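The data block below is query32.txt; it holds compact mmCIF, C-alpha atoms and all ligand atoms.
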# COMPACT_ATOMS: atom_id res chain seq x y z
CA MET A 1 10.19 19.06 -27.83
CA ASN A 2 6.82 19.81 -26.15
CA LYS A 3 6.47 19.71 -22.38
CA PRO A 4 5.80 16.03 -21.59
CA ILE A 5 2.30 15.10 -20.46
CA LYS A 6 0.78 12.06 -18.84
CA GLN A 7 -1.50 10.23 -21.29
CA HIS A 8 -4.27 7.87 -20.33
CA LEU A 9 -4.28 4.68 -22.44
CA ILE A 10 -6.07 1.32 -22.57
CA ASP A 11 -4.20 -1.96 -22.90
CA PRO A 12 -5.55 -3.58 -26.11
CA GLU A 13 -4.22 -7.01 -25.09
CA ILE A 14 -6.30 -7.13 -21.90
CA CYS A 15 -9.38 -5.06 -22.83
CA ILE A 16 -12.46 -7.25 -23.45
CA ARG A 17 -14.26 -4.53 -25.45
CA CYS A 18 -17.23 -4.31 -23.08
CA TYR A 19 -17.40 -0.51 -23.67
CA THR A 20 -18.39 0.13 -20.04
CA CYS A 21 -15.67 2.79 -19.81
CA GLU A 22 -16.95 4.47 -22.97
CA MET A 23 -20.47 4.57 -21.52
CA THR A 24 -19.17 5.91 -18.21
CA CYS A 25 -16.87 8.66 -19.51
CA PRO A 26 -18.65 11.98 -18.82
CA VAL A 27 -16.69 13.90 -21.49
CA GLU A 28 -16.89 11.32 -24.31
CA ALA A 29 -13.12 10.94 -24.38
CA ILE A 30 -13.34 7.16 -24.89
CA VAL A 31 -14.18 5.90 -28.37
CA HIS A 32 -13.86 2.62 -30.26
CA ASN A 33 -13.63 1.19 -33.76
CA ASP A 34 -13.82 -2.49 -34.78
CA ASP A 35 -10.39 -3.15 -33.25
CA ASN A 36 -9.75 -1.11 -30.13
CA VAL A 37 -11.23 1.03 -27.39
CA VAL A 38 -9.07 4.14 -26.95
CA VAL A 39 -8.80 7.41 -25.02
CA ASP A 40 -8.73 10.74 -26.84
CA ALA A 41 -5.97 12.75 -25.12
CA ASP A 42 -7.55 16.03 -26.28
CA LYS A 43 -10.71 15.28 -24.33
CA CYS A 44 -9.63 13.20 -21.31
CA ASN A 45 -9.74 15.35 -18.15
CA PHE A 46 -8.40 12.64 -15.78
CA CYS A 47 -11.66 12.47 -13.86
CA MET A 48 -10.97 8.74 -13.31
CA ASP A 49 -14.65 7.79 -13.54
CA CYS A 50 -13.74 5.01 -15.98
CA ILE A 51 -11.14 3.33 -13.74
CA PRO A 52 -13.30 1.48 -11.19
CA VAL A 53 -15.89 0.31 -13.73
CA CYS A 54 -13.39 -1.58 -15.91
CA PRO A 55 -13.72 -5.31 -15.20
CA THR A 56 -10.17 -6.18 -16.36
CA GLY A 57 -7.93 -3.30 -15.22
CA SER A 58 -6.89 -2.68 -18.86
CA ILE A 59 -8.10 0.93 -18.43
CA ASP A 60 -5.44 1.78 -15.85
CA GLU A 61 -2.48 2.46 -18.19
CA TRP A 62 -0.46 5.65 -18.37
CA ARG A 63 2.52 6.91 -20.36
CA VAL A 64 4.44 10.16 -20.09
CA VAL A 65 4.72 11.39 -23.67
CA ALA A 66 6.17 14.37 -25.47
CA GLU A 67 3.42 14.17 -28.12
CA PRO A 68 0.20 12.34 -27.23
CA TYR A 69 -0.68 9.24 -29.27
CA SER A 70 -3.59 10.09 -31.56
CA VAL A 71 -6.86 8.16 -31.58
CA ASP A 72 -6.01 6.71 -35.03
CA GLU A 73 -2.59 5.54 -33.87
CA GLN A 74 -4.18 3.78 -30.90
CA PHE A 75 -6.78 2.11 -33.14
CA ASP A 76 -3.90 0.33 -34.91
CA TRP A 77 -2.23 -1.00 -31.77
CA MET A 78 -1.99 -4.72 -31.02
CA GLU A 79 -0.15 -3.94 -27.79
CA LEU A 80 0.77 -0.87 -25.73
CA PRO A 81 4.01 0.95 -26.59
CA GLU A 82 6.79 0.96 -24.00
CA GLN A 83 7.30 4.11 -21.96
CA GLN A 84 9.48 6.42 -24.08
CA ASP A 85 12.76 7.50 -22.56
CA LEU A 86 12.24 11.26 -22.31
CA GLY A 87 15.21 11.96 -20.11
CA ALA A 88 14.75 12.95 -16.51
CA SER A 89 14.87 16.71 -16.99
CA GLU A 90 12.26 16.72 -19.75
CA ALA A 91 9.92 14.37 -17.94
CA ASP A 92 10.08 16.41 -14.76
CA THR A 93 7.00 18.53 -15.13
CA GLY A 94 6.61 20.19 -11.75
CA MET A 95 3.73 18.40 -10.06
CA GLU A 96 4.50 15.13 -11.81
CA ALA A 97 8.04 15.23 -10.54
CA LEU A 98 6.66 15.58 -7.02
CA ASP A 99 4.29 12.65 -7.56
CA ASP A 100 7.29 10.66 -8.77
CA ALA A 101 9.08 11.67 -5.57
CA MET A 102 6.28 10.01 -3.58
CA ALA A 103 6.69 6.83 -5.59
CA GLN A 104 10.45 7.02 -4.94
CA LEU A 105 9.82 7.36 -1.20
CA LEU A 106 7.87 4.13 -1.24
CA ALA A 107 10.51 2.44 -3.41
CA ASP A 108 13.10 3.45 -0.78
CA ALA A 109 10.90 1.98 1.97
CA HIS A 110 10.93 -1.33 0.06
CA LYS A 111 14.73 -1.48 -0.31
CA GLY A 112 15.07 -3.71 2.71
CA ALA A 113 13.89 -6.59 0.52
CA GLY A 114 17.47 -6.70 -0.84
CA GLY A 115 16.42 -6.15 -4.47
CA LYS A 116 13.48 -5.16 -6.61
CA ALA A 117 10.34 -6.35 -4.87
CA LYS A 118 7.62 -8.15 -6.80
CA ALA A 119 3.92 -8.46 -6.03
CA PRO A 120 2.64 -11.91 -5.02
CA ALA A 121 1.67 -13.95 -8.08
CA THR A 122 -1.97 -14.09 -7.01
CA ALA A 123 -2.31 -10.47 -5.85
CA ALA A 124 -5.12 -8.41 -7.39
CA LYS A 125 -4.03 -5.69 -9.81
CA PRO A 126 -3.62 -2.43 -7.88
CA SER A 127 -4.73 0.98 -9.12
CA ILE A 128 -2.01 3.54 -8.59
CA ASN A 129 -1.55 7.31 -8.89
CA MET A 130 -5.23 7.99 -9.55
CA HIS A 131 -5.15 11.19 -7.54
CA THR A 132 -2.15 13.43 -7.96
CA LEU A 133 -0.79 16.56 -6.35
CA GLY A 134 -2.22 18.58 -9.20
CA LYS A 135 -5.60 16.92 -8.79
CA PRO A 136 -5.95 15.38 -5.34
CA ALA A 137 -9.08 13.66 -4.06
CA THR A 138 -11.06 15.21 -1.25
CA ALA A 139 -12.03 12.89 1.59
CA LYS A 140 -14.22 13.64 4.59
CA VAL A 141 -13.20 12.50 8.06
CA GLN A 142 -15.73 10.01 9.32
CA GLY A 143 -14.02 9.31 12.63
CA ASN A 144 -10.84 9.83 14.62
CA TYR A 145 -10.34 7.39 17.49
CA ARG A 146 -7.50 7.09 19.97
CA LEU A 147 -6.00 3.60 19.84
CA THR A 148 -3.52 3.67 22.69
CA ASN A 149 -3.85 4.16 26.42
CA ASP A 150 -0.40 5.61 26.89
CA PRO A 151 -0.60 9.45 27.19
CA ALA A 152 2.91 9.79 25.78
CA HIS A 153 2.09 7.61 22.77
CA ASP A 154 -0.92 8.94 20.86
CA VAL A 155 -1.84 6.62 17.98
CA ARG A 156 -5.03 7.36 16.04
CA HIS A 157 -7.39 5.37 13.90
CA ILE A 158 -8.64 7.78 11.22
CA ILE A 159 -11.50 6.86 8.90
CA LEU A 160 -11.71 8.77 5.61
CA ASP A 161 -14.79 8.72 3.42
CA PHE A 162 -14.32 9.41 -0.29
CA GLY A 163 -18.02 9.74 -1.11
CA GLY A 164 -18.47 9.57 -4.89
CA THR A 165 -14.75 9.92 -5.69
CA PRO A 166 -13.20 6.62 -6.80
CA MET A 167 -10.43 5.42 -4.50
CA PRO A 168 -9.97 1.70 -5.19
CA VAL A 169 -7.29 0.38 -2.86
CA LEU A 170 -5.78 -2.96 -1.92
CA GLU A 171 -4.41 -4.08 1.43
CA GLY A 172 -0.77 -3.01 1.74
CA GLN A 173 -1.13 0.15 -0.36
CA SER A 174 -0.57 3.68 0.95
CA ILE A 175 -2.11 7.07 0.34
CA GLY A 176 -0.61 10.56 0.58
CA VAL A 177 -2.15 13.18 2.87
CA ILE A 178 -1.45 16.82 1.96
CA PRO A 179 -1.17 18.99 5.08
CA PRO A 180 -2.84 22.39 4.53
CA GLY A 181 -0.84 25.60 4.31
CA THR A 182 2.54 26.39 2.85
CA ASP A 183 6.16 25.89 3.80
CA GLU A 184 8.64 28.64 4.66
CA ASN A 185 9.12 29.35 0.93
CA GLY A 186 5.40 29.75 0.35
CA ASN A 187 5.12 26.41 -1.49
CA PRO A 188 2.31 23.97 -0.67
CA HIS A 189 3.40 21.18 1.65
CA LEU A 190 4.25 17.83 0.10
CA PRO A 191 1.99 14.89 0.98
CA ARG A 192 3.05 12.40 3.64
CA LEU A 193 2.62 8.69 3.01
CA TYR A 194 0.44 6.55 5.29
CA SER A 195 -0.31 2.84 4.96
CA ILE A 196 -3.96 1.93 4.68
CA SER A 197 -5.06 -0.18 7.64
CA SER A 198 -8.45 -1.32 6.32
CA PRO A 199 -9.20 -3.99 3.72
CA ARG A 200 -10.08 -3.29 0.09
CA ASP A 201 -13.83 -3.09 0.70
CA GLY A 202 -13.32 -0.42 3.35
CA GLU A 203 -13.35 -0.03 7.09
CA ARG A 204 -17.10 0.00 6.79
CA PRO A 205 -17.64 -2.47 3.94
CA ASN A 206 -18.76 -1.06 0.62
CA TYR A 207 -18.97 2.60 1.64
CA ASN A 208 -15.88 3.85 -0.24
CA ASN A 209 -13.96 4.58 2.93
CA LEU A 210 -10.59 3.56 4.34
CA SER A 211 -8.67 3.84 7.58
CA LEU A 212 -5.18 4.98 8.54
CA THR A 213 -3.14 4.30 11.67
CA VAL A 214 -1.16 7.41 12.56
CA LYS A 215 1.11 8.14 15.50
CA ARG A 216 1.46 11.73 16.69
CA GLU A 217 5.11 12.76 16.34
CA GLU A 218 6.20 15.60 18.60
CA MET A 219 7.30 17.93 15.81
CA GLY A 220 5.42 16.19 13.01
CA LEU A 221 3.61 18.67 10.78
CA CYS A 222 1.35 16.12 9.09
CA SER A 223 0.96 13.63 11.94
CA ASN A 224 -0.31 16.41 14.25
CA TYR A 225 -2.64 17.65 11.51
CA VAL A 226 -4.03 14.13 10.96
CA CYS A 227 -4.25 13.26 14.67
CA ASP A 228 -6.20 16.49 15.33
CA LEU A 229 -8.72 16.00 12.49
CA LYS A 230 -12.37 16.21 13.50
CA GLN A 231 -15.35 14.40 12.08
CA GLY A 232 -16.53 16.22 8.95
CA ASP A 233 -13.15 17.85 8.18
CA GLU A 234 -12.01 17.64 4.56
CA VAL A 235 -8.62 16.19 3.68
CA GLN A 236 -6.68 16.35 0.40
CA VAL A 237 -5.41 12.93 -0.61
CA THR A 238 -3.11 11.57 -3.34
CA GLY A 239 -2.56 7.98 -4.44
CA PRO A 240 -3.14 5.16 -4.02
CA PHE A 241 0.53 4.12 -4.07
CA GLY A 242 2.29 0.77 -3.99
CA ALA A 243 2.20 -2.14 -6.40
CA THR A 244 4.24 -4.83 -4.62
CA PHE A 245 3.57 -4.88 -0.86
CA LEU A 246 0.25 -6.61 -1.53
CA MET A 247 -1.34 -9.74 -0.16
CA PRO A 248 -1.84 -12.91 -2.19
CA ASP A 249 -5.45 -13.61 -3.09
CA ASP A 250 -4.67 -17.33 -2.77
CA PRO A 251 -6.50 -18.36 0.43
CA GLU A 252 -3.98 -21.19 0.95
CA ALA A 253 -1.07 -18.75 1.19
CA ARG A 254 0.51 -18.55 4.64
CA LEU A 255 1.42 -15.06 5.83
CA LEU A 256 4.31 -14.42 8.20
CA MET A 257 3.97 -10.81 9.37
CA ILE A 258 6.63 -8.98 11.39
CA CYS A 259 5.89 -5.42 12.45
CA THR A 260 6.67 -2.66 14.94
CA GLY A 261 4.34 0.12 16.11
CA THR A 262 2.25 1.72 13.37
CA GLY A 263 3.94 -0.63 10.90
CA SER A 264 1.08 -2.90 11.96
CA ALA A 265 -1.28 -0.91 9.67
CA PRO A 266 -1.01 -3.18 6.61
CA MET A 267 -1.07 -6.30 8.81
CA ARG A 268 -4.44 -5.17 10.17
CA ALA A 269 -5.69 -4.77 6.59
CA PHE A 270 -4.46 -8.29 5.69
CA THR A 271 -6.07 -9.76 8.81
CA MET A 272 -9.41 -8.07 8.17
CA ARG A 273 -9.38 -9.17 4.54
CA ARG A 274 -8.94 -12.78 5.64
CA GLN A 275 -11.58 -12.36 8.39
CA ARG A 276 -14.07 -11.20 5.76
CA THR A 277 -13.20 -13.77 3.12
CA THR A 278 -11.64 -17.05 4.22
CA GLY A 279 -11.83 -16.81 8.03
CA GLY A 280 -10.00 -19.61 9.84
CA LYS A 281 -10.08 -21.81 6.74
CA SER A 282 -7.13 -20.05 5.09
CA GLY A 283 -3.48 -21.09 5.03
CA GLY A 284 -3.09 -19.10 8.25
CA MET A 285 -1.29 -15.99 9.45
CA THR A 286 1.50 -15.69 12.01
CA MET A 287 2.38 -12.29 13.47
CA PHE A 288 5.28 -10.94 15.52
CA PHE A 289 4.22 -7.46 16.63
CA GLY A 290 6.54 -5.24 18.68
CA ALA A 291 5.48 -2.26 20.79
CA ARG A 292 6.87 -0.44 23.80
CA THR A 293 4.11 -1.59 26.14
CA GLU A 294 0.70 -3.21 25.97
CA LYS A 295 -0.84 0.26 26.37
CA SER A 296 1.02 1.62 23.35
CA LEU A 297 0.28 -1.33 21.07
CA PRO A 298 -2.23 -0.19 18.43
CA TYR A 299 -5.40 -2.34 18.23
CA PHE A 300 -4.50 -4.36 21.34
CA GLY A 301 -8.19 -4.86 22.30
CA PRO A 302 -9.49 -5.90 18.85
CA LEU A 303 -6.44 -8.14 18.30
CA LYS A 304 -7.26 -10.15 21.41
CA LYS A 305 -10.57 -11.10 19.80
CA VAL A 306 -9.04 -12.52 16.60
CA PRO A 307 -9.11 -16.33 16.86
CA THR A 308 -5.81 -18.24 16.77
CA SER A 309 -7.12 -20.33 13.88
CA LEU A 310 -6.94 -17.14 11.79
CA LEU A 311 -4.01 -15.33 13.39
CA ASP A 312 -1.26 -16.76 15.56
CA GLN A 313 -0.10 -13.66 17.46
CA HIS A 314 3.12 -12.94 19.31
CA LEU A 315 2.89 -9.53 20.98
CA VAL A 316 6.32 -8.36 22.04
CA TYR A 317 7.09 -5.57 24.51
CA SER A 318 10.34 -3.64 24.81
CA ARG A 319 9.53 -1.54 27.87
CA GLU A 320 7.43 -3.90 29.93
CA GLY A 321 8.69 -6.98 31.73
CA THR A 322 11.78 -8.41 30.05
CA LYS A 323 12.85 -6.12 27.20
CA GLN A 324 12.24 -7.97 23.98
CA TYR A 325 12.19 -7.13 20.29
CA VAL A 326 10.34 -9.04 17.58
CA GLN A 327 13.55 -10.75 16.45
CA ASP A 328 14.07 -12.15 19.97
CA VAL A 329 10.67 -13.81 19.98
CA MET A 330 11.16 -15.08 16.42
CA ARG A 331 14.24 -16.90 17.77
CA GLU A 332 12.22 -18.28 20.69
CA GLU A 333 9.73 -19.58 18.13
CA GLU A 334 12.47 -20.95 15.87
CA ASP A 335 10.68 -24.19 14.97
CA LYS A 336 7.53 -22.37 13.96
CA VAL A 337 9.43 -19.83 11.82
CA ALA A 338 11.64 -22.55 10.29
CA GLU A 339 8.60 -24.59 9.27
CA LEU A 340 7.14 -21.49 7.59
CA LEU A 341 10.44 -20.76 5.79
CA ASN A 342 10.40 -24.28 4.40
CA ASP A 343 6.91 -23.94 2.95
CA PRO A 344 6.65 -22.51 -0.60
CA LYS A 345 3.22 -21.17 0.31
CA THR A 346 4.71 -18.75 2.87
CA HIS A 347 4.79 -14.99 2.17
CA ILE A 348 6.84 -12.74 4.48
CA TYR A 349 5.91 -9.13 5.30
CA ILE A 350 8.09 -6.82 7.40
CA CYS A 351 6.81 -3.34 8.23
CA GLY A 352 7.76 -0.60 10.66
CA LEU A 353 10.99 0.91 11.92
CA ARG A 354 13.95 0.70 9.57
CA GLY A 355 16.11 -0.22 12.56
CA MET A 356 14.33 -3.56 12.94
CA GLU A 357 15.58 -4.87 9.58
CA GLU A 358 19.05 -5.82 10.77
CA GLY A 359 17.87 -7.78 13.80
CA VAL A 360 15.13 -9.53 11.84
CA GLU A 361 17.55 -10.47 9.04
CA LEU A 362 19.95 -11.90 11.61
CA ALA A 363 17.18 -13.94 13.22
CA PHE A 364 16.18 -15.27 9.80
CA THR A 365 19.82 -16.08 9.04
CA ASN A 366 20.13 -18.22 12.17
CA ILE A 367 16.74 -19.87 11.76
CA ALA A 368 17.41 -20.67 8.09
CA GLU A 369 20.78 -22.18 9.05
CA SER A 370 19.02 -24.48 11.52
CA ILE A 371 17.23 -26.07 8.55
CA GLY A 372 20.32 -26.11 6.34
CA GLN A 373 19.34 -23.10 4.23
CA GLN A 374 21.30 -19.98 3.40
CA TRP A 375 19.08 -17.02 4.29
CA THR A 376 20.10 -14.51 1.59
CA ALA A 377 19.64 -17.12 -1.15
CA LEU A 378 16.26 -18.12 0.26
CA ARG A 379 15.23 -14.49 0.69
CA ASP A 380 16.23 -13.56 -2.87
CA ALA A 381 14.34 -16.55 -4.27
CA MET A 382 11.27 -15.62 -2.20
CA ARG A 383 11.49 -12.02 -3.38
CA GLU A 384 11.70 -13.10 -7.02
CA GLU A 385 8.55 -15.16 -6.45
CA GLY A 386 6.76 -12.17 -4.88
CA ARG A 387 6.88 -13.77 -1.43
CA TYR A 388 9.19 -11.42 0.48
CA HIS A 389 8.18 -7.84 1.25
CA VAL A 390 9.70 -5.08 3.35
CA GLU A 391 8.33 -1.60 4.04
CA THR A 392 10.36 0.32 6.59
CA TYR A 393 10.81 4.00 7.33
P1 LIG B 401 7.78 2.66 18.19
O1 LIG B 401 6.64 2.70 19.11
O2 LIG B 401 8.84 3.71 18.31
O3 LIG B 401 8.51 1.27 18.24
C1 LIG B 401 7.80 0.07 18.18
C2 LIG B 401 8.64 -1.00 18.83
O4 LIG B 401 9.80 -1.29 18.03
C3 LIG B 401 9.15 -0.59 20.19
O5 LIG B 401 8.97 -1.65 21.05
C4 LIG B 401 10.61 -0.30 19.93
O6 LIG B 401 11.40 -0.52 21.09
C5 LIG B 401 10.89 -1.38 18.91
N1 LIG B 401 12.19 -1.20 18.25
C6 LIG B 401 13.01 -0.14 18.27
N2 LIG B 401 14.15 -0.43 17.62
C7 LIG B 401 14.06 -1.70 17.21
C8 LIG B 401 14.94 -2.57 16.52
N3 LIG B 401 16.14 -2.18 16.11
N4 LIG B 401 14.52 -3.82 16.25
C9 LIG B 401 13.30 -4.24 16.64
N5 LIG B 401 12.44 -3.48 17.33
C10 LIG B 401 12.81 -2.22 17.60
O7 LIG B 401 7.22 2.62 16.71
P2 LIG B 401 6.38 3.71 15.97
O8 LIG B 401 6.72 5.05 16.51
O9 LIG B 401 4.99 3.29 15.90
O10 LIG B 401 7.06 3.64 14.53
C11 LIG B 401 6.77 2.66 13.62
C12 LIG B 401 7.48 2.92 12.32
O11 LIG B 401 6.71 2.32 11.32
C13 LIG B 401 7.63 4.37 11.95
O12 LIG B 401 8.97 4.54 11.52
C14 LIG B 401 6.68 4.55 10.80
O13 LIG B 401 7.11 5.50 9.86
C15 LIG B 401 6.69 3.16 10.20
N6 LIG B 401 5.55 2.81 9.39
C16 LIG B 401 4.35 3.34 9.63
C17 LIG B 401 3.31 3.00 8.82
C18 LIG B 401 1.97 3.64 9.03
O14 LIG B 401 1.07 3.38 8.32
N7 LIG B 401 1.75 4.46 9.97
C19 LIG B 401 3.48 2.11 7.81
C20 LIG B 401 4.71 1.58 7.61
C21 LIG B 401 5.75 1.94 8.43
P3 LIG B 401 12.13 0.65 21.95
O15 LIG B 401 11.64 1.98 21.43
O16 LIG B 401 11.69 0.38 23.36
O17 LIG B 401 13.57 0.45 21.75
Go ahead and express the file in the form of structure tokens.
Ligand code: NAP
Amino acid sequence: MNKPIKQHLIDPEICIRCYTCEMTCPVEAIVHNDDNVVVDADKCNFCMDCIPVCPTGSIDEWRVVAEPYSVDEQFDWMELPEQQDLGASEADTGMEALDDAMAQLLADAHKGAGGKAKAPATAAKPSINMHTLGKPATAKVQGNYRLTNDPAHDVRHIILDFGGTPMPVLEGQSIGVIPPGTDENGNPHLPRLYSISSPRDGERPNYNNLSLTVKREEMGLCSNYVCDLKQGDEVQVTGPFGATFLMPDDPEARLLMICTGTGSAPMRAFTMRRQRTTGGKSGGMTMFFGARTEKSLPYFGPLKKVPTSLLDQHLVYSREGTKQYVQDVMREEEDKVAELLNDPKTHIYICGLRGMEEGVELAFTNIAESIGQQWTALRDAMREEGRYHVETY
């Protein structure tokens, strides 16, 4: 069997045959006949130029194959073939195996949902794995701003500009940052995952940029690299990653967001998306956000300016005044949380420290009981409907 390769394909069931991709492809790898628009595996160089121009998302299909599907085979398709089972060892082709490891890392972060997470029914279709370890995107640092006032707690807001390189992202997705240099065995470092904290149209709208929220960890190889970046520096990026921790596009959906520390990154993206689209006229957002102190809470200043009609905020401090965690304040606000749990328009998002899961689950258990519901059954039903999302590290 040949070494498996990743093949770019187009979904014939979704494609509207507008031929925009064919016109965009710089190497003439996309061709069509009377039936289908297809990608010639011998010519495609994975430049990704065709991905953002496709109006339907049908262009963003990939299969790992032992033998690429020919153009003629693809012309005959009514639907895409399933991914072939190549067996783990054969499919592990060096770089691809490492990219898969990144996807696995994110899948592990989502395990707290208690089962396989699903995207909200009205979420936009995400692009994933456009830029790989073998072919990362290069971004330029547009800004690096300190977010916290606590000298012992350095959290940075980093803005990355992708220039002409496509990097279509959705709120809730992550990217990988590859630290420069090599490890003790001389191998390049693996990328580290960071949640995107800006909305889909960018930190600065429509300039193909995004932001990250990164805390400096004392011994952290990548966090120190990212926190020390200067304007104009170039950064190697993989991704985007994540196809389930996404926000519903339904403006009526109600978002219940529970986060700790830099786990607030996706919540900021959700909030900015709503600010730019529906404003206070949406179904509303409720947030329980835990930090050590006010000074170490990322985005404290900007958060204070978000109107309550858009975001009902509960900022919770563990090392200031009475020690409290998010789950304690959820209990204090039992009626509010219970009302949200009872509403089929509610979507729950939990992001941050893995340790918070247990306490938050317990709070939900008690609050659900108060309205005669069994939490795990409710949670599993919500997850199946794409309304329950956890991302913890
Ligand atoms: P942190 O400052 O260490 O902690 C934030 C708050 O959570 C503190 O008040 C902390 O209290 C509290 N906390 C600790 N244990 C808790 C528990 N069992 N239940 C509830 N609250 C608890 O947070 P951080 O250093 O920013 O870390 C955030 C985490 O989010 C990291 O693990 C990071 O990997 C993850 N994350 C980051 C991103 C991102 O984009 N950067 C995205 C997703 C997730 P005390 O310390 O006072 O006990």
If you count only C-alpha atoms and all ligand atoms, the residue of A:Glu357, A:Glu334, A:Asp233, A:Glu61 closest to ligand LIG 401 (chain B) turns out to be A:Glu357
Residues contacting ligand LIG 401 (chain B) - anything with an atom at most 8 Å away, using all atoms listed in the file - can you give me those as an mmCIF file with C-alpha atoms, in the coordinates of the input?
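Result file is part00.cif:
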data_model
loop_
_atom_site.group_PDB
_atom_site.id
_atom_site.type_symbol
_atom_site.label_atom_id
_atom_site.label_comp_id
_atom_site.auth_asym_id
_atom_site.auth_seq_id
_atom_site.Cartn_x
_atom_site.Cartn_y
_atom_site.Cartn_z
ATOM 1 C CA HIS A 153 2.090 7.610 22.770
ATOM 2 C CA VAL A 155 -1.840 6.620 17.980
ATOM 3 C CA SER A 174 -0.570 3.680 0.950
ATOM 4 C CA LEU A 193 2.620 8.690 3.010
ATOM 5 C CA TYR A 194 0.440 6.550 5.290
ATOM 6 C CA SER A 195 -0.310 2.840 4.960
ATOM 7 C CA ILE A 196 -3.960 1.930 4.680
ATOM 8 C CA SER A 197 -5.060 -0.180 7.640
ATOM 9 C CA LEU A 212 -5.180 4.980 8.540
ATOM 10 C CA THR A 213 -3.140 4.300 11.670
ATOM 11 C CA VAL A 214 -1.160 7.410 12.560
ATOM 12 C CA LYS A 215 1.110 8.140 15.500
ATOM 13 C CA GLU A 217 5.110 12.760 16.340
ATOM 14 C CA CYS A 259 5.890 -5.420 12.450
ATOM 15 C CA THR A 260 6.670 -2.660 14.940
ATOM 16 C CA GLY A 261 4.340 0.120 16.110
ATOM 17 C CA THR A 262 2.250 1.720 13.370
ATOM 18 C CA GLY A 263 3.940 -0.630 10.900
ATOM 19 C CA SER A 264 1.080 -2.900 11.960
ATOM 20 C CA ALA A 265 -1.280 -0.910 9.670
ATOM 21 C CA PRO A 266 -1.010 -3.180 6.610
ATOM 22 C CA GLY A 290 6.540 -5.240 18.680
ATOM 23 C CA ALA A 291 5.480 -2.260 20.790
ATOM 24 C CA ARG A 292 6.870 -0.440 23.800
ATOM 25 C CA THR A 293 4.110 -1.590 26.140
ATOM 26 C CA SER A 296 1.020 1.620 23.350
ATOM 27 C CA LEU A 297 0.280 -1.330 21.070
ATOM 28 C CA VAL A 316 6.320 -8.360 22.040
ATOM 29 C CA TYR A 317 7.090 -5.570 24.510
ATOM 30 C CA SER A 318 10.340 -3.640 24.810
ATOM 31 C CA ARG A 319 9.530 -1.540 27.870
ATOM 32 C CA LYS A 323 12.850 -6.120 27.200
ATOM 33 C CA GLN A 324 12.240 -7.970 23.980
ATOM 34 C CA TYR A 325 12.190 -7.130 20.290
ATOM 35 C CA VAL A 326 10.340 -9.040 17.580
ATOM 36 C CA GLN A 327 13.550 -10.750 16.450
ATOM 37 C CA CYS A 351 6.810 -3.340 8.230
ATOM 38 C CA GLY A 352 7.760 -0.600 10.660
ATOM 39 C CA LEU A 353 10.990 0.910 11.920
ATOM 40 C CA ARG A 354 13.950 0.700 9.570
ATOM 41 C CA GLY A 355 16.110 -0.220 12.560
ATOM 42 C CA MET A 356 14.330 -3.560 12.940
ATOM 43 C CA GLU A 357 15.580 -4.870 9.580
ATOM 44 C CA GLU A 358 19.050 -5.820 10.770
ATOM 45 C CA GLY A 359 17.870 -7.780 13.800
ATOM 46 C CA VAL A 360 15.130 -9.530 11.840
ATOM 47 C CA GLU A 391 8.330 -1.600 4.040
ATOM 48 C CA THR A 392 10.360 0.320 6.590
ATOM 49 C CA TYR A 393 10.810 4.000 7.330
#
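In this model, the gap between CA of Cys21 in chain A and CA of His131 in chain A comes to 18.2 Å.
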Do a neighbour search on Leu190 in chain A at 12 Å with all atoms listed in the file, toss out local chain neighbours closer than 4 positions, and write the hits as a PyMOL selection string. chain A and resi 95+97-102+105+132-134+136+176-183+186+221-222+236-238
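Interatomic distance, CA of Asn366 in chain A to CA of His110 in chain A: 22.7 Å.
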Tell me which protein, DNA and RNA residues are within 10 Å of Pro251 in chain A, counting all atoms listed in the file, leaving out same-chain ones fewer than 6 positions away, and put them as a ChimeraX atom specification. /A:122,274,277-279,281-284
Considering all atoms listed in the file, can you say which of A:Met78, A:Lys295, A:Tyr19, A:Lys6 comes closest to Val64 in chain A? A:Lys6
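One finds CA of Lys43 in chain A at 5.0 Å from CA of Ala29 in chain A.
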Set the distance at 10 Å and use only C-alpha atoms: which residues neighbour Asp312 in chain A once local chain neighbours fewer than 5 positions away are removed? I'd like the list as a ChimeraX atom specification. /A:256,284-288,306-307
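Nearest to Val27 in chain A of all the residues A:Asn224, A:Asn144, A:Asn45, A:Gln374 is A:Asn45, based on only C-alpha atoms.
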Using the file's own x, y and z axes, so that the box edges lie along x, y and z, what centre and edge lengths in Å (one decimal) does a box around every listed atom of range 378-389 of chain A get when 8 Å is added on each side? Give it as JSON.
{"center_x": 11.5, "center_y": -13.0, "center_z": -2.9, "size_x": 25.5, "size_y": 26.3, "size_z": 24.3}
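Distance check against Asn36 in chain A using all atoms listed in the file: of A:Cys18, A:Ala363, A:Ala123, A:Met167, the minimum falls on A:Cys18.
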So that I can look at just that part, could you write range 259-270 of chain A with C-alpha atoms, as a PDB file, in the first residue's frame?
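This went into result.pdb:
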ATOM      1  CA  CYS A 259     -15.297  30.579  32.732  1.00  0.00           C
ATOM      2  CA  THR A 260     -12.122  30.949  34.768  1.00  0.00           C
ATOM      3  CA  GLY A 261      -9.056  33.044  33.910  1.00  0.00           C
ATOM      4  CA  THR A 262      -7.975  32.882  30.275  1.00  0.00           C
ATOM      5  CA  GLY A 263     -10.863  30.479  29.667  1.00  0.00           C
ATOM      6  CA  SER A 264     -12.725  33.750  29.118  1.00  0.00           C
ATOM      7  CA  ALA A 265     -11.153  34.000  25.621  1.00  0.00           C
ATOM      8  CA  PRO A 266     -14.030  32.383  23.678  1.00  0.00           C
ATOM      9  CA  MET A 267     -16.615  34.198  25.829  1.00  0.00           C
ATOM     10  CA  ARG A 268     -15.079  37.500  24.731  1.00  0.00           C
ATOM     11  CA  ALA A 269     -15.380  36.377  21.099  1.00  0.00           C
ATOM     12  CA  PHE A 270     -19.059  35.433  21.624  1.00  0.00           C
TER      13      PHE A 270
END
